[in-house]
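So this block is model-v3.cif, mmCIF, C-alpha atoms (C1' of nucleotides):
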```cif
data_coords
loop_
_atom_site.label_atom_id
_atom_site.label_comp_id
_atom_site.auth_asym_id
_atom_site.auth_seq_id
_atom_site.Cartn_x
_atom_site.Cartn_y
_atom_site.Cartn_z
CA MET A 1 38.82 5.21 -5.28
CA THR A 2 36.32 6.95 -7.52
CA ASP A 3 37.91 6.02 -10.79
CA ALA A 4 36.69 6.66 -14.29
CA THR A 5 35.30 3.18 -14.79
CA VAL A 6 33.07 3.53 -11.75
CA GLN A 7 31.66 6.75 -13.13
CA LYS A 8 31.19 5.11 -16.49
CA ILE A 9 29.20 2.28 -14.97
CA ARG A 10 27.00 4.63 -13.00
CA ALA A 11 26.36 6.78 -16.04
CA PHE A 12 25.53 3.65 -17.99
CA ASN A 13 23.05 2.56 -15.35
CA ARG A 14 21.32 5.92 -15.45
CA PHE A 15 21.04 5.60 -19.21
CA TYR A 16 20.15 1.93 -19.42
CA MET A 17 17.51 1.43 -16.74
CA PRO A 18 14.94 3.93 -17.94
CA ARG A 19 15.56 2.88 -21.54
CA MET A 20 14.79 -0.72 -20.66
CA ASN A 21 11.81 0.29 -18.60
CA LEU A 22 13.50 -1.21 -15.57
CA LEU A 23 12.38 1.55 -13.26
CA GLY A 24 8.99 1.81 -11.68
CA ASN A 25 7.04 -0.83 -9.85
CA HIS A 26 5.04 -2.38 -12.58
CA TYR A 27 6.24 -5.26 -14.64
CA LEU A 28 6.44 -3.58 -18.01
CA GLY A 29 3.04 -2.23 -18.87
CA SER A 30 1.12 -4.91 -17.02
CA GLU A 31 -1.09 -4.40 -14.02
CA TYR A 32 1.16 -6.78 -12.13
CA SER A 33 3.79 -5.47 -9.80
CA ALA A 34 7.33 -6.28 -10.83
CA THR A 35 7.69 -8.27 -7.65
CA GLU A 36 4.68 -10.44 -8.31
CA ALA A 37 5.86 -11.15 -11.84
CA ARG A 38 9.36 -12.00 -10.68
CA VAL A 39 8.04 -14.48 -8.13
CA LEU A 40 6.15 -16.19 -10.92
CA PHE A 41 9.35 -16.35 -12.95
CA GLU A 42 11.33 -17.76 -10.09
CA VAL A 43 8.92 -20.65 -9.76
CA LEU A 44 8.76 -21.07 -13.53
CA GLN A 45 12.51 -21.39 -13.82
CA ASN A 46 12.88 -23.31 -10.60
CA ASP A 47 10.04 -25.74 -10.15
CA GLY A 48 9.82 -27.09 -6.61
CA CYS A 49 11.69 -24.17 -5.08
CA THR A 50 10.67 -22.82 -1.67
CA ALA A 51 9.68 -19.42 -0.35
CA THR A 52 12.98 -19.19 1.44
CA SER A 53 15.02 -19.73 -1.70
CA ILE A 54 12.96 -17.12 -3.55
CA ALA A 55 13.30 -14.64 -0.73
CA ARG A 56 17.05 -15.11 -0.85
CA ALA A 57 17.23 -14.82 -4.64
CA MET A 58 15.01 -11.74 -4.79
CA ASN A 59 16.18 -10.23 -1.56
CA ILE A 60 12.70 -9.41 -0.32
CA ASP A 61 10.93 -9.79 3.00
CA LYS A 62 9.65 -13.29 3.72
CA GLY A 63 6.39 -11.97 5.15
CA TYR A 64 5.64 -10.01 2.04
CA LEU A 65 6.67 -12.94 -0.09
CA SER A 66 4.38 -15.24 1.86
CA ARG A 67 1.45 -13.04 0.91
CA ILE A 68 2.46 -12.83 -2.71
CA ILE A 69 2.66 -16.61 -2.89
CA SER A 70 -0.75 -16.92 -1.23
CA ALA A 71 -2.18 -14.50 -3.77
CA HIS A 72 -0.67 -16.44 -6.64
CA GLU A 73 -2.11 -19.62 -5.18
CA LYS A 74 -5.52 -18.03 -4.78
CA ALA A 75 -5.30 -16.79 -8.36
CA GLY A 76 -4.65 -20.37 -9.42
CA TYR A 77 -1.11 -19.71 -10.66
CA LEU A 78 0.70 -22.10 -8.36
CA ARG A 79 0.33 -24.98 -5.91
CA ARG A 80 2.10 -25.56 -2.61
CA THR A 81 3.03 -29.05 -1.53
CA VAL A 82 4.71 -30.01 1.70
CA SER A 83 8.35 -30.62 1.00
CA SER A 84 9.17 -34.30 1.13
CA GLY A 85 12.26 -33.90 3.25
CA ASP A 86 11.25 -30.91 5.40
CA GLY A 87 7.82 -30.64 7.00
CA ARG A 88 8.17 -26.90 7.41
CA ALA A 89 8.97 -26.07 3.82
CA ARG A 90 6.53 -25.95 0.91
CA SER A 91 7.58 -26.88 -2.59
CA LEU A 92 6.19 -24.47 -5.16
CA HIS A 93 4.92 -25.48 -8.59
CA LEU A 94 3.24 -23.45 -11.30
CA THR A 95 -0.10 -24.64 -12.60
CA GLU A 96 -0.88 -24.65 -16.30
CA THR A 97 -2.58 -21.30 -15.77
CA GLY A 98 0.46 -19.96 -13.99
CA ARG A 99 2.75 -21.11 -16.75
CA ALA A 100 0.54 -19.41 -19.31
CA ARG A 101 0.54 -16.24 -17.22
CA ALA A 102 4.31 -16.24 -16.96
CA GLN A 103 4.54 -16.74 -20.69
CA GLU A 104 2.41 -13.65 -21.21
CA PHE A 105 5.00 -11.66 -19.34
CA VAL A 106 7.81 -13.19 -21.34
CA ASP A 107 6.03 -12.33 -24.57
CA LEU A 108 5.35 -8.80 -23.40
CA SER A 109 8.96 -8.32 -22.43
CA ASN A 110 10.16 -9.71 -25.74
CA GLU A 111 7.98 -7.26 -27.60
CA GLU A 112 9.22 -4.30 -25.64
CA VAL A 113 12.83 -5.21 -26.20
CA ALA A 114 12.15 -5.91 -29.87
CA ASP A 115 10.77 -2.39 -30.20
CA ILE A 116 13.89 -0.95 -28.67
CA LEU A 117 16.08 -2.93 -31.04
CA ALA A 118 13.96 -2.19 -34.09
CA PRO A 119 16.16 0.59 -35.46
CA LEU A 120 19.29 -1.60 -35.44
CA SER A 121 20.68 -3.28 -38.53
CA PRO A 122 21.83 -6.91 -38.38
CA ALA A 123 25.44 -5.74 -38.18
CA GLU A 124 24.61 -3.41 -35.33
CA ARG A 125 22.80 -6.16 -33.49
CA LYS A 126 25.89 -8.28 -33.76
CA ARG A 127 28.00 -5.48 -32.32
CA LEU A 128 25.49 -5.07 -29.51
CA GLU A 129 25.53 -8.76 -28.68
CA ASP A 130 29.30 -8.80 -28.62
CA ALA A 131 29.37 -5.78 -26.33
CA LEU A 132 26.87 -7.38 -23.96
CA ASP A 133 28.95 -10.55 -23.93
CA THR A 134 32.00 -8.52 -23.06
CA VAL A 135 30.26 -6.75 -20.19
CA THR A 136 28.91 -10.03 -18.87
CA GLU A 137 32.26 -11.74 -19.14
CA LEU A 138 34.12 -8.99 -17.33
CA LEU A 139 31.54 -8.56 -14.59
CA SER A 140 31.58 -12.29 -14.02
CA LYS A 141 35.15 -12.13 -12.80
CA GLY A 142 35.52 -12.80 -9.11
CA GLU A 143 32.02 -14.16 -9.08
CA GLN A 144 32.19 -17.30 -6.97
CA GLN A 145 31.02 -16.06 -3.59
CA ALA A 146 27.37 -17.06 -3.14
CA MET B 1 9.80 -11.59 -33.77
CA THR B 2 11.68 -13.18 -30.89
CA ASP B 3 15.13 -12.94 -32.31
CA ALA B 4 18.43 -13.83 -30.72
CA THR B 5 19.35 -10.26 -29.86
CA VAL B 6 16.16 -9.83 -27.86
CA GLN B 7 16.96 -12.94 -25.87
CA LYS B 8 20.48 -11.70 -25.36
CA ILE B 9 19.26 -8.42 -23.98
CA ARG B 10 16.83 -10.09 -21.62
CA ALA B 11 19.47 -12.51 -20.39
CA PHE B 12 21.80 -9.59 -19.88
CA ASN B 13 19.20 -7.75 -17.84
CA ARG B 14 18.67 -10.77 -15.62
CA PHE B 15 22.39 -10.94 -15.07
CA TYR B 16 23.12 -7.26 -14.73
CA MET B 17 20.37 -5.89 -12.51
CA PRO B 18 20.90 -8.08 -9.47
CA ARG B 19 24.66 -7.72 -9.84
CA MET B 20 24.32 -3.93 -9.75
CA ASN B 21 21.84 -4.04 -6.91
CA LEU B 22 19.33 -2.34 -9.14
CA LEU B 23 16.44 -4.39 -7.84
CA GLY B 24 14.46 -3.75 -4.70
CA ASN B 25 12.95 -0.54 -3.42
CA HIS B 26 15.72 0.82 -1.32
CA TYR B 27 18.38 3.04 -2.62
CA LEU B 28 21.34 0.71 -2.24
CA GLY B 29 21.64 -0.33 1.35
CA SER B 30 20.29 2.92 2.72
CA GLU B 31 17.15 3.33 4.74
CA TYR B 32 15.94 5.75 2.08
CA SER B 33 13.51 4.62 -0.54
CA ALA B 34 14.77 4.76 -4.09
CA THR B 35 12.12 7.37 -4.86
CA GLU B 36 13.18 9.70 -2.08
CA ALA B 37 16.81 9.39 -3.07
CA ARG B 38 16.03 10.03 -6.71
CA VAL B 39 14.14 13.21 -5.86
CA LEU B 40 17.17 14.44 -3.96
CA PHE B 41 19.35 13.69 -6.99
CA GLU B 42 17.02 15.47 -9.34
CA VAL B 43 17.33 18.64 -7.31
CA LEU B 44 21.06 18.14 -6.89
CA GLN B 45 21.64 17.86 -10.60
CA ASN B 46 19.03 20.44 -11.47
CA ASP B 47 19.10 23.27 -8.98
CA GLY B 48 16.05 25.48 -9.20
CA CYS B 49 13.91 22.83 -10.86
CA THR B 50 10.22 22.57 -10.00
CA ALA B 51 7.98 19.78 -8.72
CA THR B 52 6.36 19.59 -12.11
CA SER B 53 9.63 19.00 -13.91
CA ILE B 54 10.61 16.31 -11.42
CA ALA B 55 7.23 14.61 -11.70
CA ARG B 56 7.67 14.53 -15.45
CA ALA B 57 11.25 13.25 -15.28
CA MET B 58 10.47 10.57 -12.72
CA ASN B 59 7.00 9.84 -13.96
CA ILE B 60 5.41 9.86 -10.52
CA ASP B 61 2.21 11.32 -9.15
CA LYS B 62 2.39 15.00 -8.27
CA GLY B 63 0.52 14.47 -5.02
CA TYR B 64 2.97 11.87 -3.83
CA LEU B 65 5.87 14.00 -5.02
CA SER B 66 4.50 17.01 -3.18
CA ARG B 67 4.65 15.02 0.05
CA ILE B 68 8.15 13.76 -0.61
CA ILE B 69 9.33 17.30 -1.24
CA SER B 70 7.65 18.49 1.95
CA ALA B 71 9.38 15.71 3.87
CA HIS B 72 12.74 16.66 2.39
CA GLU B 73 12.09 20.25 3.33
CA LYS B 74 11.12 19.31 6.86
CA ALA B 75 14.26 17.19 7.09
CA GLY B 76 16.24 20.26 6.13
CA TYR B 77 17.43 18.88 2.81
CA LEU B 78 15.94 21.50 0.54
CA ARG B 79 14.32 24.92 0.35
CA ARG B 80 11.40 26.11 -1.75
CA THR B 81 11.37 29.59 -3.19
CA VAL B 82 8.67 31.14 -5.30
CA SER B 83 9.76 31.03 -8.92
CA SER B 84 10.72 34.45 -10.20
CA GLY B 85 8.79 34.18 -13.44
CA ASP B 86 5.84 32.08 -12.28
CA GLY B 87 4.06 32.78 -9.03
CA ARG B 88 2.57 29.30 -8.92
CA ALA B 89 5.79 27.38 -9.23
CA ARG B 90 8.38 26.80 -6.51
CA SER B 91 12.06 26.62 -7.34
CA LEU B 92 13.77 23.83 -5.43
CA HIS B 93 17.27 24.11 -4.01
CA LEU B 94 19.27 21.72 -1.87
CA THR B 95 20.61 23.01 1.41
CA GLU B 96 24.14 22.24 2.52
CA THR B 97 22.70 19.37 4.53
CA GLY B 98 20.82 18.09 1.52
CA ARG B 99 23.90 18.26 -0.66
CA ALA B 100 25.84 16.32 1.96
CA ARG B 101 23.06 13.78 2.15
CA ALA B 102 22.99 13.33 -1.61
CA GLN B 103 26.74 13.00 -1.61
CA GLU B 104 26.47 10.15 0.88
CA PHE B 105 24.34 8.29 -1.62
CA VAL B 106 26.77 9.00 -4.41
CA ASP B 107 29.67 7.79 -2.28
CA LEU B 108 27.80 4.67 -1.29
CA SER B 109 26.99 3.90 -4.89
CA ASN B 110 30.57 4.54 -5.96
CA GLU B 111 31.84 2.15 -3.35
CA GLU B 112 29.46 -0.58 -4.36
CA VAL B 113 30.45 -0.28 -7.99
CA ALA B 114 34.13 -0.06 -7.08
CA ASP B 115 33.80 -3.36 -5.22
CA ILE B 116 32.29 -4.98 -8.27
CA LEU B 117 35.10 -3.67 -10.46
CA ALA B 118 37.84 -4.55 -8.01
CA PRO B 119 38.91 -7.79 -9.71
CA LEU B 120 39.43 -6.10 -13.08
CA SER B 121 42.82 -5.12 -14.43
CA PRO B 122 43.30 -1.73 -16.09
CA ALA B 123 43.14 -3.36 -19.51
CA GLU B 124 39.91 -5.10 -18.60
CA ARG B 125 38.43 -1.88 -17.36
CA LYS B 126 39.21 -0.30 -20.66
CA ARG B 127 37.48 -3.14 -22.49
CA LEU B 128 34.50 -2.75 -20.19
CA GLU B 129 34.26 0.97 -20.81
CA ASP B 130 34.43 0.44 -24.54
CA ALA B 131 31.71 -2.18 -24.38
CA LEU B 132 29.47 0.12 -22.34
CA ASP B 133 30.07 2.89 -24.86
CA THR B 134 29.07 0.55 -27.65
CA VAL B 135 25.87 -0.48 -25.91
CA THR B 136 25.00 3.12 -25.17
CA GLU B 137 25.72 4.21 -28.71
CA LEU B 138 23.61 1.49 -30.28
CA LEU B 139 20.70 1.87 -27.91
CA SER B 140 20.71 5.59 -28.55
CA LYS B 141 19.68 5.03 -32.15
CA GLY B 142 16.15 6.16 -32.93
CA GLU B 143 16.18 8.10 -29.74
CA GLN B 144 14.61 11.45 -30.63
CA GLN B 145 10.99 10.95 -29.68
CA ALA B 146 10.31 12.82 -26.41
"C1'" DA C 1 -10.24 43.84 -19.44
"C1'" DA C 2 -13.40 40.39 -17.37
"C1'" DA C 3 -14.56 35.63 -17.89
"C1'" DA C 4 -13.22 31.07 -18.93
"C1'" DT C 5 -9.66 27.77 -19.10
"C1'" DT C 6 -5.26 25.89 -17.90
"C1'" DT C 7 -1.38 25.06 -14.90
"C1'" DA C 8 1.41 24.40 -10.32
"C1'" DG C 9 1.01 22.67 -6.19
"C1'" DT C 10 -1.44 21.03 -1.86
"C1'" DT C 11 -4.40 18.08 0.54
"C1'" DG C 12 -7.65 14.28 1.68
"C1'" DG C 13 -8.95 9.72 0.96
"C1'" DC C 14 -8.26 5.25 -0.46
"C1'" DA C 15 -5.94 0.95 -2.14
"C1'" DT C 16 -2.01 -1.70 -2.52
"C1'" DA C 17 2.98 -2.56 -1.66
"C1'" DT C 18 6.66 -3.22 1.48
"C1'" DG C 19 9.02 -3.93 5.81
"C1'" DC C 20 9.48 -5.48 10.47
"C1'" DA C 21 8.62 -8.15 14.44
"C1'" DA C 22 6.08 -11.51 17.07
"C1'" DC C 23 4.33 -16.04 16.60
"C1'" DT C 24 3.62 -21.31 15.25
"C1'" DA C 25 5.31 -25.54 13.68
"C1'" DA C 26 8.99 -28.46 12.45
"C1'" DA C 27 13.94 -29.57 12.24
"C1'" DT C 28 18.43 -29.64 14.27
"C1'" DT C 29 21.79 -29.48 18.23
"C1'" DG C 30 23.89 -31.14 22.13
"C1'" DC D 1 14.46 -34.16 25.71
"C1'" DA D 2 15.53 -28.98 26.24
"C1'" DA D 3 17.52 -25.27 23.61
"C1'" DT D 4 18.20 -23.26 19.33
"C1'" DT D 5 17.41 -22.58 14.52
"C1'" DT D 6 14.62 -22.48 10.40
"C1'" DA D 7 10.25 -22.09 7.22
"C1'" DG D 8 6.27 -19.73 6.97
"C1'" DT D 9 2.35 -16.89 8.63
"C1'" DT D 10 0.20 -12.95 10.49
"C1'" DG D 11 -0.52 -8.26 12.70
"C1'" DC D 12 0.70 -3.78 12.33
"C1'" DA D 13 3.11 0.42 10.56
"C1'" DT D 14 4.77 2.93 6.79
"C1'" DA D 15 5.60 3.66 1.87
"C1'" DT D 16 3.79 4.23 -2.57
"C1'" DG D 17 0.52 5.29 -6.07
"C1'" DC D 18 -3.67 7.19 -7.78
"C1'" DC D 19 -7.55 10.13 -8.13
"C1'" DA D 20 -10.27 13.99 -7.15
"C1'" DA D 21 -11.24 18.43 -4.96
"C1'" DC D 22 -9.33 22.83 -3.99
"C1'" DT D 23 -6.35 27.40 -4.08
"C1'" DA D 24 -3.60 30.52 -6.48
"C1'" DA D 25 -1.60 32.26 -10.47
"C1'" DA D 26 -0.97 32.33 -15.51
"C1'" DT D 27 -2.96 32.17 -20.14
"C1'" DT D 28 -6.55 32.33 -23.50
"C1'" DT D 29 -11.00 33.94 -25.18
"C1'" DT D 30 -14.31 36.90 -26.33
#
```
Re-express the file's structure as structure tokens.
Amino acid sequence: MTDATVQKIRAFNRFYMPRMNLLGNHYLGSEYSATEARVLFEVLQNDGCTATSIARAMNIDKGYLSRIISAHEKAGYLRRTVSSGDGRARSLHLTETGRARAQEFVDLSNEEVADILAPLSPAERKRLEDALDTVTELLSKGEQQA
Amino acid sequence: MTDATVQKIRAFNRFYMPRMNLLGNHYLGSEYSATEARVLFEVLQNDGCTATSIARAMNIDKGYLSRIISAHEKAGYLRRTVSSGDGRARSLHLTETGRARAQEFVDLSNEEVADILAPLSPAERKRLEDALDTVTELLSKGEQQA
DNA sequence: AAAATTTAGTTGGCATATGCAACTAAATTG
DNA sequence: CAATTTAGTTGCATATGCCAACTAAATTTT
């Protein structure tokens, strides 16, 4: 059951996560927690989504999420509107400020990754992209559950 | 500055992390926090290491780490012995119980990964391994800082 | 070698993050 | 309409992180 590919994946994860700064609780170098930043992204990429859908996507506690959303609202990053079809649910929308804030995170992340890729030649970048495509393609097999 | 490879990497991260269950604060499905589990692994893979070396490797506060280690000791997972060469430092060693506990995590992780890889044929696994090797090789460039 | 400085670890205190369960309101079932 | 389920909120407990004070032991200075 513990075949070589499994070990390879696990070794890769141990190598990749710290290199990409994907450990720790802060979103990159920012003062924001990774969770707070991700919530902002969820709403950015999914305007009108609800707390429930975010909780499902991020797999976090709905109580905790409720507070994060309240904090984002208080900070002026998003608005809550009663869902048209469901009186219990609130549709979430980023404000201009929130969109700008999310963009800051995107920019920061881009810079970090760019630094990591700096030593690579164009040919090497191409190889890297192809390898990432391959990994994505293969791990997408047997994907249609959720 | 925001080139295609950077976007590729970021898209890959968004795809890969949730798929590998690398988000969230719990070590896999266990009741253990990721931090507690990682400390156990550090000692497992580095018998006789010290709190200072772990704090450096994991980049966490020494006070917090001190408490985690105490908890692990109280739980019977590890022993502390005064370092032979340095009277201030304590060498850390897993007990049999601690080794078994760590192994449970390893097994759990192996199973999760095995499930993900289940749909892949042997040929596809080989392709995957090669792709992971390529990514690792390329991201290792310009690596000798620390 | 004694004093001053540094290092390893512990502990207390504090702030925030996270998780869980009880609770309210609204929707859905039968 | 009563019973059940669902979306969110809130109270409370624990986890996590950070900083500073403190002890003991090692290292450096003079």
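The Cα RMSD between chain B and chain A, which share one sequence, comes to 0.7 Å after optimal superposition of the latter on the former.
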DC14 in chain C environment, 12 Å, only C-alpha atoms (C1' of nucleotides), sequence neighbours closer than 2 positions dropped, as a list of chain:residue names: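 The residues that qualify are C:DG12, C:DT16, D:DG17, D:DC18, D:DC19, D:DA20.
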Which neighbours of range 10-16 of chain D fall inside 9 Å, counting only C-alpha atoms (C1' of nucleotides), when residues of the same chain fewer than 5 positions from it are skipped, and could you give them as a PDB file with C-alpha atoms (C1' of nucleotides), in the frame of the given file?
```pdb
ATOM      1  CA  GLY A  63       6.390 -11.970   5.150  1.00  0.00           C
TER       2      GLY A  63
ATOM      3  CA  SER B  33      13.510   4.620  -0.540  1.00  0.00           C
ATOM      4  CA  TYR B  64       2.970  11.870  -3.830  1.00  0.00           C
TER       5      TYR B  64
ATOM      6  C1'  DT C  16      -2.010  -1.700  -2.520  1.00  0.00           C
ATOM      7  C1'  DA C  17       2.980  -2.560  -1.660  1.00  0.00           C
ATOM      8  C1'  DT C  18       6.660  -3.220   1.480  1.00  0.00           C
ATOM      9  C1'  DG C  19       9.020  -3.930   5.810  1.00  0.00           C
ATOM     10  C1'  DC C  20       9.480  -5.480  10.470  1.00  0.00           C
ATOM     11  C1'  DA C  22       6.080 -11.510  17.070  1.00  0.00           C
ATOM     12  C1'  DC C  23       4.330 -16.040  16.600  1.00  0.00           C
TER      13       DC C  23
END
```
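The spacing separating CA of Pro119 in chain B from CA of Ala131 in chain A amounts to 19.3 Å.
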Calculate how many Å separate CA of Gln7 in chain A from CA of Asn110 in chain A, rounding to one decimal. 29.9 Å
At a cut-off of 12 Å, can you tabulate as CSV every residue of chain A near chain D together with its closest atom pair and the distance in Å to one decimal, using all atoms listed in the file and ordering rows by chain then number?
```
residue,atom,partner,partner_atom,distance
A:Gly24,CA,D:DG17,C1',10.7
A:Asn25,CA,D:DT16,C1',9.4
A:His26,CA,D:DG17,C1',11.0
A:Ser33,CA,D:DG17,C1',11.8
A:Thr50,CA,D:DA7,C1',8.9
A:Ala51,CA,D:DA7,C1',8.0
A:Thr52,CA,D:DA7,C1',7.0
A:Ser53,CA,D:DA7,C1',10.4
A:Ala55,CA,D:DA7,C1',11.3
A:Asp61,CA,D:DG8,C1',11.7
A:Lys62,CA,D:DG8,C1',8.0
A:Gly63,CA,D:DT9,C1',7.3
A:Tyr64,CA,D:DT9,C1',10.1
A:Leu65,CA,D:DG8,C1',9.8
A:Ser66,CA,D:DG8,C1',7.1
A:Arg67,CA,D:DT9,C1',8.7
A:Ile69,CA,D:DG8,C1',11.0
A:Ser70,CA,D:DT9,C1',10.3
A:Arg80,CA,D:DG8,C1',12.0
A:Val82,CA,D:DA7,C1',11.1
A:Ser83,CA,D:DA7,C1',10.7
A:Asp86,CA,D:DA7,C1',9.1
A:Gly87,CA,D:DA7,C1',8.9
A:Arg88,CA,D:DA7,C1',5.2
A:Ala89,CA,D:DA7,C1',5.4
A:Arg90,CA,D:DA7,C1',8.3
A:Ser91,CA,D:DA7,C1',11.2
```
Neighbours of Leu92 in chain B within 7 Å (only C-alpha atoms (C1' of nucleotides); same-chain residues fewer than 6 positions away dropped), as a list in words? Val43, Asp47, Gly48, Cys49, Thr50, Leu78, Arg79, Arg80 and Thr81 of chain B
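Proximity to chain A at a cut-off of 7 Å picks out Thr2, Thr5, Val6, Lys8, Phe12, Asn110, Val113, Ala114, Pro119, Arg125, Leu128, Glu129, Ala131, Leu132, Thr134, Val135, Leu138, Lys141 and Gly142 of chain B on chain B, counting only C-alpha atoms.
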If I take CA of Leu44 in chain A and C1' of DA25 in chain C, how far is one from the other in Å, to one decimal?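 Spanning CA of Leu44 in chain A to C1' of DA25 in chain C is a straight-line distance of 27.8 Å.
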Could you put an axis-aligned box around every listed atom of range 21-26 of chain C, padded by 6 Å on each side, and send me its centre and edge lengths in Å to one decimal, as lines of an AutoDock Vina configuration file?
```
center_x = 6.3
center_y = -18.3
center_z = 14.8
size_x = 17.4
size_y = 32.3
size_z = 16.6
```
Kindly determine which residues of chain C lie within 8 Å of chain B, considering all atoms listed in the file, and give the answer as an NGL selection string. :C and (8-10)
Pick out the residues sitting within 9 Å of Leu40 in chain A, and hand them over as a list of chain:residue names; count only C-alpha atoms (C1' of nucleotides), and ignore anything fewer than 2 positions along from it in its own chain. A:Thr35, A:Glu36, A:Ala37, A:Arg38, A:Glu42, A:Val43, A:Leu44, A:Gln45, A:Ile69, A:His72, A:Tyr77, A:Leu78, A:Leu94, A:Gly98, A:Arg99, A:Arg101, A:Ala102
